[in-house]
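Single-structure report; data block below.
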Amino acid sequence: MSQLRTVQVLGGGAGSSAHVTSLTAGLVARGVQVTVCAPAGADRAHDFPALGARFAPVPRRTDPVAVAALRAACADADVVHAHGLHAAVRTGIALSGRSTPLVVTWRTRTHAEGARGGLLRLLERRAARAAAVVLGSSSELVDRARRRGARDARLAPLSIPASRFPGTEHDGKARVELGVVERPLIVSAGSLHAHHGHNTLLDAAREWRALDPVPLLVVVGEGRRTEALRRRISEEGLPVVLTGCRDDLARILAVADLAVLPGRGEARPVLAQEALRLGVPLVAAGSGGLLELVGDAAELVPYGDAEALAGAVVRLLAAPEQRDRLAWAGRTQAAGWPTEDDTIAHVLAVYDELAKPTGSVPA
């Protein structure tokens, strides 16, 4: 029986990176040959070679040089798996004229209006139609892929590595480092892009200044809006710290009083998964995909409503019994999520189906 050969094309975002890292480790452990295509440096950030995978540096672009590099990396693959919309479009171009089956994992729904919205729909159609199978992280994304012309779209169990959750024991050093020994700590995380709601979050933080003591909001992540948000924080004197990207989000969350997720689009945000798993009360902007993930285990508010967001935070900070209820509900909800083994087994079954008759996938 020949060894199954797969290529994983990494998209952007913490969720995709965590998922591909977990998937790579699981596939290699089951005897699958894995090549990971991502920009140079990702091998050091995620240590793919240490997991037993081959790493192929490929720029996250669609110019001829980048597409040629991706096409070469996929030359001997039995199945290629692209993670994210833009990775799917690039991979579809690279596989043009070949019969190699393409699997696409769709984790987020991007929002855009006007001309950008039209371009987004075009990209979604190209990605959906290029794929043999689209794996959506929510029912909403599965339906969207079908509307965009996917031949086969399925709801997929997705988990991020359990090792990202170190436990709930409070680390006093973390609070000291952040300057929140005697004040509440609120944590948010995610890419600093427009649809992730950080302006709404800062509007809410302006209202929290009336509390005594004043809570500190720590925002983990980077993006196109980093400098604009930093200027606003400085000009308005907001009790907010932008930390940039960090690899110890779980450590910070474990000592937080609340987690806040003001954005929309991602069905299974890393912050939401880590907060519920750690038993940290979550306030989030409600959306279809997120509702499937958190159920009744979070305080949900309308997207873009700073008053509702601020009000929910103020109420929870004043109600420790309500925070305890959400903490318990979060851990209970997280216990029912798919495990890493569930995710890997599902992906292997899809690969096996697509790679036939070249050989079965190891169990």
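FYI, nothing fancy with the structure tokens labels: chains A, B, ... in order, residues from 1 per chain, ligands from 1 as they appear.
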- Message: Can you tell me which residues surround Trp337 of chain A at a distance of at most 9 Å, considering only C-alpha atoms, apart from same-chain residues fewer than 6 positions away, and format the answer as a PyMOL selection string?
- Response: chain A and resi 157-159+293
- Task: Would you mind listing what lies within 12 Å of Ala145 of chain A as JSON, numbers by chain, with only C-alpha atoms counted and same-chain residues fewer than 2 positions away left out?
- Result: {"A": [85, 104, 105, 106, 107, 108, 109, 121, 123, 124, 125, 126, 127, 128, 129, 130, 131, 132, 133, 134, 135, 136, 137, 138, 139, 140, 141, 142, 143, 147, 148, 149, 150, 151, 152, 153, 154, 155]}
- Can you check which residues of segment 101-199 of chain A DSSP gives as strand (DSSP E or B) on the backbone and send them as a PyMOL selection string? chain A and resi 102-106+108+133-136+153-155+185-189
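Looking only at segment 25-86 of chain A, the set that DSSP places in alpha helix (DSSP H) from backbone geometry is Ala25, Gly26, Leu27, Val28, Ala29, Ala42, Asp43, Arg44, Ala45, His46, Pro64, Val65, Ala66, Val67, Ala68, Ala69, Leu70, Arg71, Ala72, Ala73, Leu85 and His86 of chain A.
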- Message: So that I can check the surroundings of Arg230 of chain A, please list as JSON, numbers by chain every protein, DNA and RNA residue that reaches within 10 Å of it, counting only C-alpha atoms and ignoring chain neighbours fewer than 6 positions away.
- Response: {"A": [238, 240, 241, 242]}
Keeping only all heavy atoms, write the selected residues to a file as a PDB file, in the first residue's frame.
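Written output follows (part_20.pdb):
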ATOM      1  N   LEU A 238      -7.550  56.054  26.565  1.00  0.00           N
ATOM      2  CA  LEU A 238      -8.353  54.871  26.874  1.00  0.00           C
ATOM      3  C   LEU A 238      -7.542  53.841  27.663  1.00  0.00           C
ATOM      4  O   LEU A 238      -6.332  53.684  27.434  1.00  0.00           O
ATOM      5  CB  LEU A 238      -8.866  54.229  25.583  1.00  0.00           C
ATOM      6  CG  LEU A 238      -9.767  55.107  24.718  1.00  0.00           C
ATOM      7  CD1 LEU A 238     -10.131  54.398  23.415  1.00  0.00           C
ATOM      8  CD2 LEU A 238     -11.030  55.491  25.489  1.00  0.00           C
ATOM      9  N   VAL A 240      -6.524  50.886  27.543  1.00  0.00           N
ATOM     10  CA  VAL A 240      -6.370  49.776  26.592  1.00  0.00           C
ATOM     11  C   VAL A 240      -4.891  49.603  26.266  1.00  0.00           C
ATOM     12  O   VAL A 240      -4.173  50.583  26.070  1.00  0.00           O
ATOM     13  CB  VAL A 240      -7.152  50.044  25.282  1.00  0.00           C
ATOM     14  CG1 VAL A 240      -6.993  48.875  24.307  1.00  0.00           C
ATOM     15  CG2 VAL A 240      -8.632  50.301  25.574  1.00  0.00           C
ATOM     16  N   VAL A 241      -4.456  48.344  26.190  1.00  0.00           N
ATOM     17  CA  VAL A 241      -3.087  48.014  25.792  1.00  0.00           C
ATOM     18  C   VAL A 241      -3.153  47.083  24.592  1.00  0.00           C
ATOM     19  O   VAL A 241      -3.838  46.049  24.632  1.00  0.00           O
ATOM     20  CB  VAL A 241      -2.319  47.326  26.934  1.00  0.00           C
ATOM     21  CG1 VAL A 241      -0.956  46.821  26.443  1.00  0.00           C
ATOM     22  CG2 VAL A 241      -2.137  48.273  28.112  1.00  0.00           C
ATOM     23  N   LEU A 242      -2.453  47.449  23.501  1.00  0.00           N
ATOM     24  CA  LEU A 242      -2.294  46.572  22.343  1.00  0.00           C
ATOM     25  C   LEU A 242      -0.967  45.838  22.500  1.00  0.00           C
ATOM     26  O   LEU A 242       0.085  46.466  22.520  1.00  0.00           O
ATOM     27  CB  LEU A 242      -2.302  47.375  21.041  1.00  0.00           C
ATOM     28  CG  LEU A 242      -3.516  48.266  20.759  1.00  0.00           C
ATOM     29  CD1 LEU A 242      -3.364  48.921  19.384  1.00  0.00           C
ATOM     30  CD2 LEU A 242      -4.814  47.480  20.844  1.00  0.00           C
TER      31      LEU A 242
END
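From atom CA of Gly311 of chain A back to atom CA of Ala298 of chain A, the distance works out to 14.4 Å.
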Sorted per-residue table, segment 123-224 of chain A near segment 262-274 of chain A, closest atoms and distance, 6 Å, only C-alpha atoms, as JSON lines:
{"residue": "A:Ser138", "atom": "CA", "partner": "A:Ala267", "partner_atom": "CA", "distance": 6.0}
{"residue": "A:His195", "atom": "CA", "partner": "A:Gly263", "partner_atom": "CA", "distance": 6.0}
{"residue": "A:His196", "atom": "CA", "partner": "A:Gly263", "partner_atom": "CA", "distance": 3.6}
{"residue": "A:Gly197", "atom": "CA", "partner": "A:Gly263", "partner_atom": "CA", "distance": 4.5}
Identify, on the basis of only C-alpha atoms, every residue whose closest approach to segment 345-355 of chain A does not exceed 12 Å; exclude the query and any residue fewer than 2 positions from it along the same chain; express the result as an mmCIF file with C-alpha atoms, in the first residue's frame.
data_model
loop_
_atom_site.group_PDB
_atom_site.id
_atom_site.type_symbol
_atom_site.label_atom_id
_atom_site.label_comp_id
_atom_site.auth_asym_id
_atom_site.auth_seq_id
_atom_site.Cartn_x
_atom_site.Cartn_y
_atom_site.Cartn_z
ATOM 1 C CA SER A 2 1.522 3.321 -1.022
ATOM 2 C CA GLN A 3 1.856 6.146 1.476
ATOM 3 C CA LEU A 4 -0.733 8.885 1.051
ATOM 4 C CA ARG A 5 0.885 12.200 0.117
ATOM 5 C CA THR A 6 -0.833 15.452 1.062
ATOM 6 C CA VAL A 7 -0.008 19.134 0.771
ATOM 7 C CA GLN A 8 -1.419 21.593 3.303
ATOM 8 C CA HIS A 19 -5.640 23.923 12.919
ATOM 9 C CA VAL A 20 -2.939 23.123 10.347
ATOM 10 C CA SER A 22 -2.721 20.063 14.824
ATOM 11 C CA LEU A 23 -3.754 18.413 11.557
ATOM 12 C CA THR A 24 -0.152 18.015 10.401
ATOM 13 C CA GLY A 26 -2.099 13.968 13.492
ATOM 14 C CA LEU A 27 -1.636 13.042 9.846
ATOM 15 C CA VAL A 28 2.090 12.329 10.238
ATOM 16 C CA ALA A 29 1.374 10.185 13.295
ATOM 17 C CA ARG A 30 -1.004 8.126 11.136
ATOM 18 C CA GLY A 31 1.552 7.506 8.416
ATOM 19 C CA VAL A 32 0.574 10.235 5.968
ATOM 20 C CA ALA A 77 0.409 15.071 -4.029
ATOM 21 C CA ASP A 78 -2.523 12.668 -3.877
ATOM 22 C CA VAL A 79 -4.677 15.331 -2.173
ATOM 23 C CA VAL A 80 -4.082 19.062 -1.665
ATOM 24 C CA HIS A 81 -5.798 20.834 1.230
ATOM 25 C CA SER A 99 -6.612 16.050 -11.695
ATOM 26 C CA THR A 100 -5.273 16.355 -8.140
ATOM 27 C CA PRO A 101 -8.292 16.723 -5.832
ATOM 28 C CA LEU A 102 -8.475 19.924 -3.801
ATOM 29 C CA VAL A 103 -10.030 20.097 -0.325
ATOM 30 C CA VAL A 104 -10.813 23.559 1.035
ATOM 31 C CA THR A 105 -11.436 24.367 4.698
ATOM 32 C CA ALA A 131 -12.665 22.336 -4.720
ATOM 33 C CA ALA A 132 -13.652 18.695 -4.834
ATOM 34 C CA VAL A 133 -14.891 19.143 -1.247
ATOM 35 C CA VAL A 134 -15.428 22.289 0.831
ATOM 36 C CA LEU A 135 -15.310 21.742 4.592
ATOM 37 C CA ASP A 152 -19.691 19.082 -2.381
ATOM 38 C CA ALA A 153 -19.855 21.155 0.830
ATOM 39 C CA ARG A 154 -19.895 19.549 4.264
ATOM 40 C CA LEU A 155 -19.979 20.625 7.893
ATOM 41 C CA ALA A 156 -16.620 19.714 9.413
ATOM 42 C CA PRO A 157 -15.616 19.153 13.029
ATOM 43 C CA LEU A 158 -12.766 21.565 13.765
ATOM 44 C CA SER A 159 -10.766 21.790 16.949
ATOM 45 C CA PRO A 338 -15.051 17.796 18.599
ATOM 46 C CA THR A 339 -11.656 16.570 19.711
ATOM 47 C CA GLU A 340 -8.453 16.696 17.686
ATOM 48 C CA ASP A 341 -8.920 12.989 16.955
ATOM 49 C CA ASP A 342 -12.436 13.686 15.636
ATOM 50 C CA THR A 343 -11.084 16.383 13.333
ATOM 51 C CA PRO A 357 -8.289 4.006 -6.055
ATOM 52 C CA THR A 358 -4.634 4.846 -5.295
ATOM 53 C CA GLY A 359 -4.840 3.299 -1.863
ATOM 54 C CA SER A 360 -6.536 3.494 1.490
ATOM 55 C CA VAL A 361 -5.640 5.900 4.208
ATOM 56 C CA PRO A 362 -4.173 4.405 7.367
ATOM 57 C CA ALA A 363 -6.569 4.226 10.285
#
- Which one of A:Glu236, A:Phe48, A:Arg315, A:Val67 sits closest to Gly92 of chain A if you count only C-alpha atoms?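 Going through A:Glu236, A:Phe48, A:Arg315, A:Val67 one by one, the smallest distance to Gly92 of chain A is for A:Val67.
Across the structure, atom CA of Arg232 of chain A and atom CA of Leu216 of chain A are spaced 15.7 Å apart.
Rounded to one decimal, atom CA of Gly304 of chain A and atom CA of Leu201 of chain A lie 8.6 Å from each other.
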Residues of segment 205-304 of chain A that have any atom at most 8 Å from an atom of segment 328-336 of chain A: could you tabulate them with the shortest-distance atom pair and the distance in Å to one decimal, using only C-alpha atoms, ordered by chain and increasing number, as a tab-separated table?
residue	atom	partner	partner_atom	distance
A:Gln273	CA	A:Ala334	CA	7.4
A:Ala275	CA	A:Gly330	CA	7.7
A:Leu276	CA	A:Gly330	CA	4.2
A:Arg277	CA	A:Arg331	CA	5.2
A:Leu278	CA	A:Arg331	CA	6.8
A:Gly279	CA	A:Arg331	CA	5.4
A:Val280	CA	A:Gly330	CA	7.5
A:Pro281	CA	A:Gly330	CA	7.3
A:Val294	CA	A:Gln333	CA	6.7
A:Gly295	CA	A:Gln333	CA	7.4
A:Asp296	CA	A:Ala329	CA	7.4
A:Ala297	CA	A:Gly330	CA	4.9
A:Ala298	CA	A:Gly330	CA	7.2
- Task: Mind checking which residues fall within 12 Å of Val187 of chain A, counting only C-alpha atoms, ignoring those fewer than 2 positions away in the same chain, and posting them as JSON, numbers by chain?
- Result: {"A": [175, 178, 180, 184, 185, 189, 190, 201, 205, 215, 216, 217, 218, 219, 220, 221, 240, 241, 242, 243, 249, 250, 251, 252, 253, 254, 255, 256, 257, 258, 259, 260, 261, 262, 271, 272, 274, 275, 280, 281, 282, 283, 284, 313]}
- For each of A:Arg98, A:Arg61, A:Arg224, A:His83, take the minimum atom-to-atom distance to Ser16 of chain A, counting only C-alpha atoms, then give the residue where this is smallest.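 Selected residue with least distance to Ser16 of chain A: A:His83.
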Just the residues within 12 Å of Cys37 of chain A, please, counting only C-alpha atoms, with nothing from its chain fewer than 2 positions along; format it as an mmCIF file with N, CA and C atoms, in the first residue's frame.
data_model
loop_
_atom_site.group_PDB
_atom_site.id
_atom_site.type_symbol
_atom_site.label_atom_id
_atom_site.label_comp_id
_atom_site.auth_asym_id
_atom_site.auth_seq_id
_atom_site.Cartn_x
_atom_site.Cartn_y
_atom_site.Cartn_z
ATOM 1 N N THR A 6 0.035 14.273 1.029
ATOM 2 C CA THR A 6 -0.833 15.452 1.062
ATOM 3 C C THR A 6 -0.004 16.724 1.140
ATOM 4 N N VAL A 7 -0.589 17.807 0.634
ATOM 5 C CA VAL A 7 -0.008 19.134 0.771
ATOM 6 C C VAL A 7 -1.029 20.002 1.501
ATOM 7 N N GLN A 8 -0.582 20.672 2.545
ATOM 8 C CA GLN A 8 -1.419 21.593 3.303
ATOM 9 C C GLN A 8 -0.986 23.014 2.952
ATOM 10 N N VAL A 9 -1.897 23.807 2.403
ATOM 11 C CA VAL A 9 -1.587 25.188 2.030
ATOM 12 C C VAL A 9 -2.169 26.089 3.110
ATOM 13 N N LEU A 10 -1.278 26.743 3.827
ATOM 14 C CA LEU A 10 -1.679 27.507 5.002
ATOM 15 C C LEU A 10 -2.169 28.886 4.621
ATOM 16 N N GLY A 11 -3.358 29.243 5.121
ATOM 17 C CA GLY A 11 -3.867 30.597 4.969
ATOM 18 C C GLY A 11 -3.386 31.456 6.118
ATOM 19 N N GLY A 12 -3.953 32.647 6.257
ATOM 20 C CA GLY A 12 -3.568 33.522 7.354
ATOM 21 C C GLY A 12 -4.456 33.285 8.567
ATOM 22 N N SER A 17 -3.633 28.599 11.484
ATOM 23 C CA SER A 17 -2.313 28.115 11.880
ATOM 24 C C SER A 17 -2.418 27.020 12.934
ATOM 25 N N VAL A 20 -3.883 23.821 11.226
ATOM 26 C CA VAL A 20 -2.939 23.123 10.347
ATOM 27 C C VAL A 20 -1.836 22.459 11.172
ATOM 28 N N THR A 21 -1.381 23.102 12.232
ATOM 29 C CA THR A 21 -0.368 22.495 13.098
ATOM 30 C C THR A 21 -0.893 21.201 13.705
ATOM 31 N N THR A 24 -1.426 18.554 10.879
ATOM 32 C CA THR A 24 -0.152 18.015 10.401
ATOM 33 C C THR A 24 0.384 16.956 11.357
ATOM 34 N N VAL A 34 3.224 14.541 4.681
ATOM 35 C CA VAL A 34 2.661 15.894 4.684
ATOM 36 C C VAL A 34 3.705 16.912 4.257
ATOM 37 N N THR A 35 3.326 17.764 3.323
ATOM 38 C CA THR A 35 4.106 18.951 2.977
ATOM 39 C C THR A 35 3.265 20.171 3.330
ATOM 40 N N PRO A 39 4.388 30.971 3.871
ATOM 41 C CA PRO A 39 5.493 31.921 3.694
ATOM 42 C C PRO A 39 6.723 31.537 4.509
ATOM 43 N N ALA A 40 7.876 31.907 4.021
ATOM 44 C CA ALA A 40 9.121 31.643 4.729
ATOM 45 C C ALA A 40 9.034 32.179 6.157
ATOM 46 N N GLY A 41 9.507 31.398 7.092
ATOM 47 C CA GLY A 41 9.436 31.778 8.501
ATOM 48 C C GLY A 41 8.366 31.034 9.252
ATOM 49 N N ALA A 42 7.333 30.561 8.551
ATOM 50 C CA ALA A 42 6.268 29.817 9.221
ATOM 51 C C ALA A 42 6.777 28.499 9.769
ATOM 52 N N ASP A 43 7.828 27.939 9.139
ATOM 53 C CA ASP A 43 8.393 26.693 9.650
ATOM 54 C C ASP A 43 8.992 26.898 11.038
ATOM 55 N N PHE A 48 6.990 23.021 11.814
ATOM 56 C CA PHE A 48 6.449 21.913 11.029
ATOM 57 C C PHE A 48 7.459 20.793 10.813
ATOM 58 N N PRO A 49 8.748 21.081 10.523
ATOM 59 C CA PRO A 49 9.711 19.984 10.366
ATOM 60 C C PRO A 49 9.810 19.097 11.607
ATOM 61 N N ALA A 53 6.883 16.895 9.082
ATOM 62 C CA ALA A 53 6.393 17.351 7.778
ATOM 63 C C ALA A 53 7.518 18.007 6.988
ATOM 64 N N ARG A 54 7.378 17.970 5.675
ATOM 65 C CA ARG A 54 8.272 18.740 4.808
ATOM 66 C C ARG A 54 7.705 20.154 4.712
ATOM 67 N N PHE A 55 8.581 21.150 4.701
ATOM 68 C CA PHE A 55 8.123 22.532 4.590
ATOM 69 C C PHE A 55 8.573 23.116 3.268
ATOM 70 N N ALA A 56 7.641 23.729 2.535
ATOM 71 C CA ALA A 56 7.947 24.382 1.261
ATOM 72 C C ALA A 56 7.589 25.854 1.381
ATOM 73 N N PRO A 57 8.580 26.745 1.385
ATOM 74 C CA PRO A 57 8.264 28.178 1.494
ATOM 75 C C PRO A 57 7.602 28.691 0.226
ATOM 76 N N VAL A 58 6.388 29.201 0.373
ATOM 77 C CA VAL A 58 5.621 29.729 -0.753
ATOM 78 C C VAL A 58 5.006 31.059 -0.326
ATOM 79 N N PRO A 59 5.294 32.158 -1.022
ATOM 80 C CA PRO A 59 4.715 33.449 -0.647
ATOM 81 C C PRO A 59 3.185 33.420 -0.729
ATOM 82 N N ARG A 60 2.555 34.213 0.116
ATOM 83 C CA ARG A 60 1.090 34.293 0.124
ATOM 84 C C ARG A 60 0.639 35.311 -0.919
ATOM 85 N N ALA A 66 5.024 32.916 -7.329
ATOM 86 C CA ALA A 66 4.442 32.241 -6.172
ATOM 87 C C ALA A 66 3.578 31.055 -6.605
ATOM 88 N N VAL A 67 2.789 31.229 -7.662
ATOM 89 C CA VAL A 67 1.936 30.144 -8.147
ATOM 90 C C VAL A 67 2.787 28.982 -8.657
ATOM 91 N N ALA A 69 5.772 28.159 -7.619
ATOM 92 C CA ALA A 69 6.334 27.479 -6.447
ATOM 93 C C ALA A 69 5.307 26.562 -5.800
ATOM 94 N N LEU A 70 4.075 27.024 -5.725
ATOM 95 C CA LEU A 70 3.013 26.207 -5.141
ATOM 96 C C LEU A 70 2.702 25.007 -6.036
ATOM 97 N N ARG A 71 2.689 25.223 -7.341
ATOM 98 C CA ARG A 71 2.419 24.135 -8.284
ATOM 99 C C ARG A 71 3.498 23.053 -8.166
ATOM 100 N N ALA A 72 4.757 23.471 -8.037
ATOM 101 C CA ALA A 72 5.845 22.505 -7.899
ATOM 102 C C ALA A 72 5.720 21.709 -6.603
ATOM 103 N N ALA A 73 5.333 22.392 -5.513
ATOM 104 C CA ALA A 73 5.198 21.709 -4.228
ATOM 105 C C ALA A 73 4.082 20.669 -4.244
ATOM 106 N N CYS A 74 3.086 20.889 -5.113
ATOM 107 C CA CYS A 74 1.928 19.986 -5.185
ATOM 108 C C CYS A 74 2.084 18.898 -6.251
ATOM 109 N N VAL A 80 -4.554 17.763 -2.134
ATOM 110 C CA VAL A 80 -4.082 19.062 -1.665
ATOM 111 C C VAL A 80 -5.192 19.690 -0.831
ATOM 112 N N HIS A 81 -4.823 20.275 0.295
ATOM 113 C CA HIS A 81 -5.798 20.834 1.230
ATOM 114 C C HIS A 81 -5.440 22.296 1.500
ATOM 115 N N ALA A 82 -6.296 23.214 1.066
ATOM 116 C CA ALA A 82 -6.071 24.651 1.259
ATOM 117 C C ALA A 82 -6.933 25.149 2.408
ATOM 118 N N HIS A 83 -6.345 25.994 3.238
ATOM 119 C CA HIS A 83 -7.027 26.477 4.441
ATOM 120 C C HIS A 83 -7.288 27.970 4.316
ATOM 121 N N ALA A 87 -6.046 31.187 0.248
ATOM 122 C CA ALA A 87 -5.224 29.998 -0.010
ATOM 123 C C ALA A 87 -5.908 29.101 -1.031
ATOM 124 N N ARG A 90 -5.484 30.655 -4.623
ATOM 125 C CA ARG A 90 -4.118 30.440 -5.107
ATOM 126 C C ARG A 90 -3.890 28.989 -5.493
ATOM 127 N N THR A 91 -4.386 28.078 -4.674
ATOM 128 C CA THR A 91 -4.162 26.658 -4.930
ATOM 129 C C THR A 91 -4.942 26.189 -6.149
#
- Task: Can you work out which one of A:Glu307, A:Asp63, A:Glu321, A:Asp47 has the shortest atom-to-atom distance to Asp203 of chain A, counting only C-alpha atoms?
- Result: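 Checking each candidate against Asp203 of chain A, we get A:Glu307 as the closest.
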- Message: Which residue is closest to Asn199 of chain A? Choose from A:Val65, A:Ile93, A:Leu309, A:Leu300 and count only C-alpha atoms.
- Response: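 The answer is A:Leu309, which sits nearest to Asn199 of chain A.
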